[in-house]
Amino acid sequence: MPLVNMRDMLYHAYDNNYAVGAFDLVNLDFLEAVIDAAEDCRSAVILSIAEPHFAHYDFELFLPALEAAAKRASVPVAIQLDHGSTLQSAVKAINLGCNGVMLDVSNQDFFNNIDKTRATAEMAHGCGVSVVGELGYVAGKEGEGTKQHPGETAFTLPSEAKTYVERTGVDFLAVSIGTVQGRMNGRAKLDYVRLKQLNQSVNIPLVIHGGSGLNEDQFHKLTSNGVAKIDYYTALSDVAAKAMRQRCKENPGGSFTDLKKDVKDAIGREVKRCLHQWGSAGRAAEVLERCEPWLSVEHLIVHNINAHSKQSLDSLISKGKQILAQIPGVREVFTGEAMKENSQHHFCWSVRFTHQAALDSFRKHLGFSAFLKKQLAPNASDFISFDYREKN
Ligand SMILES: [Zn+2]
């Protein structure tokens with residue numbers, strides 16, 4: 001079950017001067033191609049979904065597929081929300097299975113960026129999830145990237161970066177040093193002096209967005225100066241589209257499945273190229289050894305109900321569920337009634353959390369403890385609770 005803590009994964013890369021790829025996925029072809037390429041190369045990988053892409057697919061349907069792919073992989077995998085725009089979208093992504101989130105409010109002023117990113121980091125850390133913040137602004141120049149990231153690029157200032165990291169508590173910092181979101185016009189000129197200063201001043205793994213189009217030497221300079229994660233999409237989209245265009249030309253009357261036949265292979269080749277170039281290929285075993293496995297936790301409450309009408313029980317359940325739905329890190333709530341008449345405990349609540357940390361935060365949650373004390377406990381008897389951690 002090689003779903004692992006993203007923080008451990010990226011610190012291995014940071015300490016060993018290489019970068020893990022975070023590939024934005026837009027359908028199952030992308031997902032299968034990326035995970036197969038990572039397996040082939042024995043590389044850690046981050047399966048990524050980017051909020052600006054949510055217009056193209058239903059991420060609530062897609063995320064369970066990412067999680068299933070991660071769980072059956074034999075290489076270390078993390079799942080991240082890329083370019084999340086609000087605290088709420090980060091909560092939703094975490095509850096649906098992401099164990100890394102990026103809050104991208106880099107288009108806002110320094111202090112707004114700090115406030116919003118800090119709030120997201122506090123929430124996410126309470127769920128055991130690591131957080132990427134972005135300081136400076138990486139704009140798009142061409143195609144999809146321009147629509148999603150309008151305006152002018154602003155380079156990250158080393159003088160601001162240290163304060164930003166200290167005040168927000170982010171685990172990783174996405175920096176702007178000359179890359180562009182989306183497709184690039186010619187070769188980007190990267191500011192390595194700035195990158196070196198940023199790495200020295202913040203001393204945490206750095207993240208690059210807009211890596212499509214850089215060459216091997218440029219990637220090498222990035223990974224030798226603190227870049228431990230590269231978010232990558234445009235080149236994958238380009239090779240996929242090219243494969244489809246080519247197939248259309250060869251077989252204009254082809255069915256949909258025929259026209260997309262070469263897409264997966266094309267993406268897979270590009271991903272493998274990246275994994276080799278960024279130095280993560282061949283290191284899966286070392287990474288796995290270093291990483292905490294990402295295991296969910298189950299909080300189970302069993303009880304009986306005092307002589308009460310069915311109606312008040314239903315309203316208790318729906319009130320409790322409403323409160324639980326507001327708590328970050330709660331992935332699923334199951335309420336049940338014993339199937340056997342003579343069962344010792346007739347009712348159960350089973351609450352599944354992303355991670356042990358989310359259960360710890362839940363215990364401090366005032367809303368639910370008030371509900372237990374004031375509403376559930378007076379109506380319940382033989383009340384017992386247990387906690388279980390997922391077993392590999
Ligand atoms: Zn990006």
# chains A, B, ... in the order shown; residues from 1 in each chain; ligands from 1

call {"tool": "closest_atom_pairs", "arguments": {"of": "chain A", "to": "ligand 1", "cutoff": "7 Å", "atoms": "only C-alpha atoms and all ligand atoms", "output": "Markdown table"}}
result
| residue | atom | partner | partner_atom_place_in_ligand_line | distance |
| --- | --- | --- | --- | --- |
| A:Asp82 | CA | ligand 1 | 1 (Zn) | 7.0 |
| A:His83 | CA | ligand 1 | 1 (Zn) | 6.5 |
| A:Gln181 | CA | ligand 1 | 1 (Zn) | 5.9 |
| A:His209 | CA | ligand 1 | 1 (Zn) | 4.5 |
| A:Gly210 | CA | ligand 1 | 1 (Zn) | 5.9 |
| A:Asp231 | CA | ligand 1 | 1 (Zn) | 6.0 |

call {"tool": "residues_around", "arguments": {"residues": "segment 378-391 of chain A", "least_positions_apart": "2", "cutoff": "8 Å", "atoms": "only C-alpha atoms", "output": "PyMOL selection string"}}
result
chain A and resi 295-306+308+345+356+373-376

call {"tool": "select_by_dssp", "arguments": {"residues": "segment 188-388 of chain A", "states": "alpha helix (DSSP H)", "output": "JSON, numbers by chain"}}
result
{"A": [192, 193, 194, 195, 196, 197, 198, 199, 200, 201, 202, 216, 217, 218, 219, 220, 221, 222, 223, 234, 235, 236, 237, 238, 239, 240, 241, 242, 243, 244, 245, 246, 247, 248, 249, 250, 256, 257, 258, 259, 263, 264, 265, 266, 267, 268, 269, 270, 271, 272, 273, 274, 275, 276, 277, 284, 285, 286, 287, 288, 289, 290, 310, 311, 312, 313, 314, 315, 316, 317, 318, 319, 320, 321, 322, 323, 324, 325, 356, 357, 358, 359, 360, 361, 362, 363, 366, 367, 368, 369, 370, 371, 377, 378, 379]}

call {"tool": "residues_around", "arguments": {"residues": "Leu10 of chain A", "least_positions_apart": "3", "cutoff": "9 Å", "atoms": "only C-alpha atoms", "output": "list of chain:residue names"}}
result
A:Asn5, A:Met6, A:Arg7, A:Ala13, A:Tyr14, A:Asp15, A:Ala19, A:Val20, A:Phe172, A:Pro205, A:Ala228, A:Lys229

call {"tool": "write_last_selection", "arguments": {"atoms": "C-alpha atoms", "output": "mmCIF file, in the first residue's frame"}}
result
data_model
loop_
_atom_site.group_PDB
_atom_site.id
_atom_site.type_symbol
_atom_site.label_atom_id
_atom_site.label_comp_id
_atom_site.auth_asym_id
_atom_site.auth_seq_id
_atom_site.Cartn_x
_atom_site.Cartn_y
_atom_site.Cartn_z
ATOM 1 C CA ASN A 5 3.409 10.853 3.446
ATOM 2 C CA MET A 6 4.315 13.488 0.841
ATOM 3 C CA ARG A 7 6.536 15.338 3.293
ATOM 4 C CA ALA A 13 14.422 14.195 -2.798
ATOM 5 C CA TYR A 14 15.580 17.451 -1.190
ATOM 6 C CA ASP A 15 18.320 15.734 0.804
ATOM 7 C CA ALA A 19 13.054 16.099 -7.840
ATOM 8 C CA VAL A 20 9.816 14.111 -7.739
ATOM 9 C CA PHE A 172 7.254 23.456 0.598
ATOM 10 C CA PRO A 205 12.071 21.834 -0.426
ATOM 11 C CA ALA A 228 12.487 18.743 -4.942
ATOM 12 C CA LYS A 229 9.168 18.774 -6.785
#

call {"tool": "residues_around", "arguments": {"residues": "segment 99-101 of chain A", "least_positions_apart": "6", "cutoff": "6 Å", "atoms": "only C-alpha atoms", "output": "list in words"}}
result
Ile79, Gln80, Leu81, Val129, Ser130 and Val131 of chain A

call {"tool": "atom_distance", "arguments": {"atom1": "atom CA of Cys291 of chain A", "atom2": "atom CA of Met102 of chain A"}}
result
20.1 Å

call {"tool": "select_by_dssp", "arguments": {"residues": "segment 39-92 of chain A", "states": "strand (DSSP E or B)", "output": "list in words"}}
result
Val45, Ile46, Leu47, Ser48, Ile49, Ala50, Val77, Ala78, Ile79, Gln80, Leu81, Asp82, His83 and Gly84 of chain A

call {"tool": "atom_distance", "arguments": {"atom1": "atom CA of Lys319 of chain A", "atom2": "atom CA of Ile94 of chain A"}}
result
22.4 Å

call {"tool": "closest_residue", "arguments": {"among": "A:Asp360, A:Leu198, A:Asp262, A:Ala240", "to": "Ser159 of chain A", "atoms": "only C-alpha atoms"}}
result
A:Leu198

call {"tool": "closest_residue", "arguments": {"among": "A:His12, A:Gly97, A:Thr168, A:Thr354", "to": "Leu47 of chain A", "atoms": "only C-alpha atoms"}}
result
A:Gly97
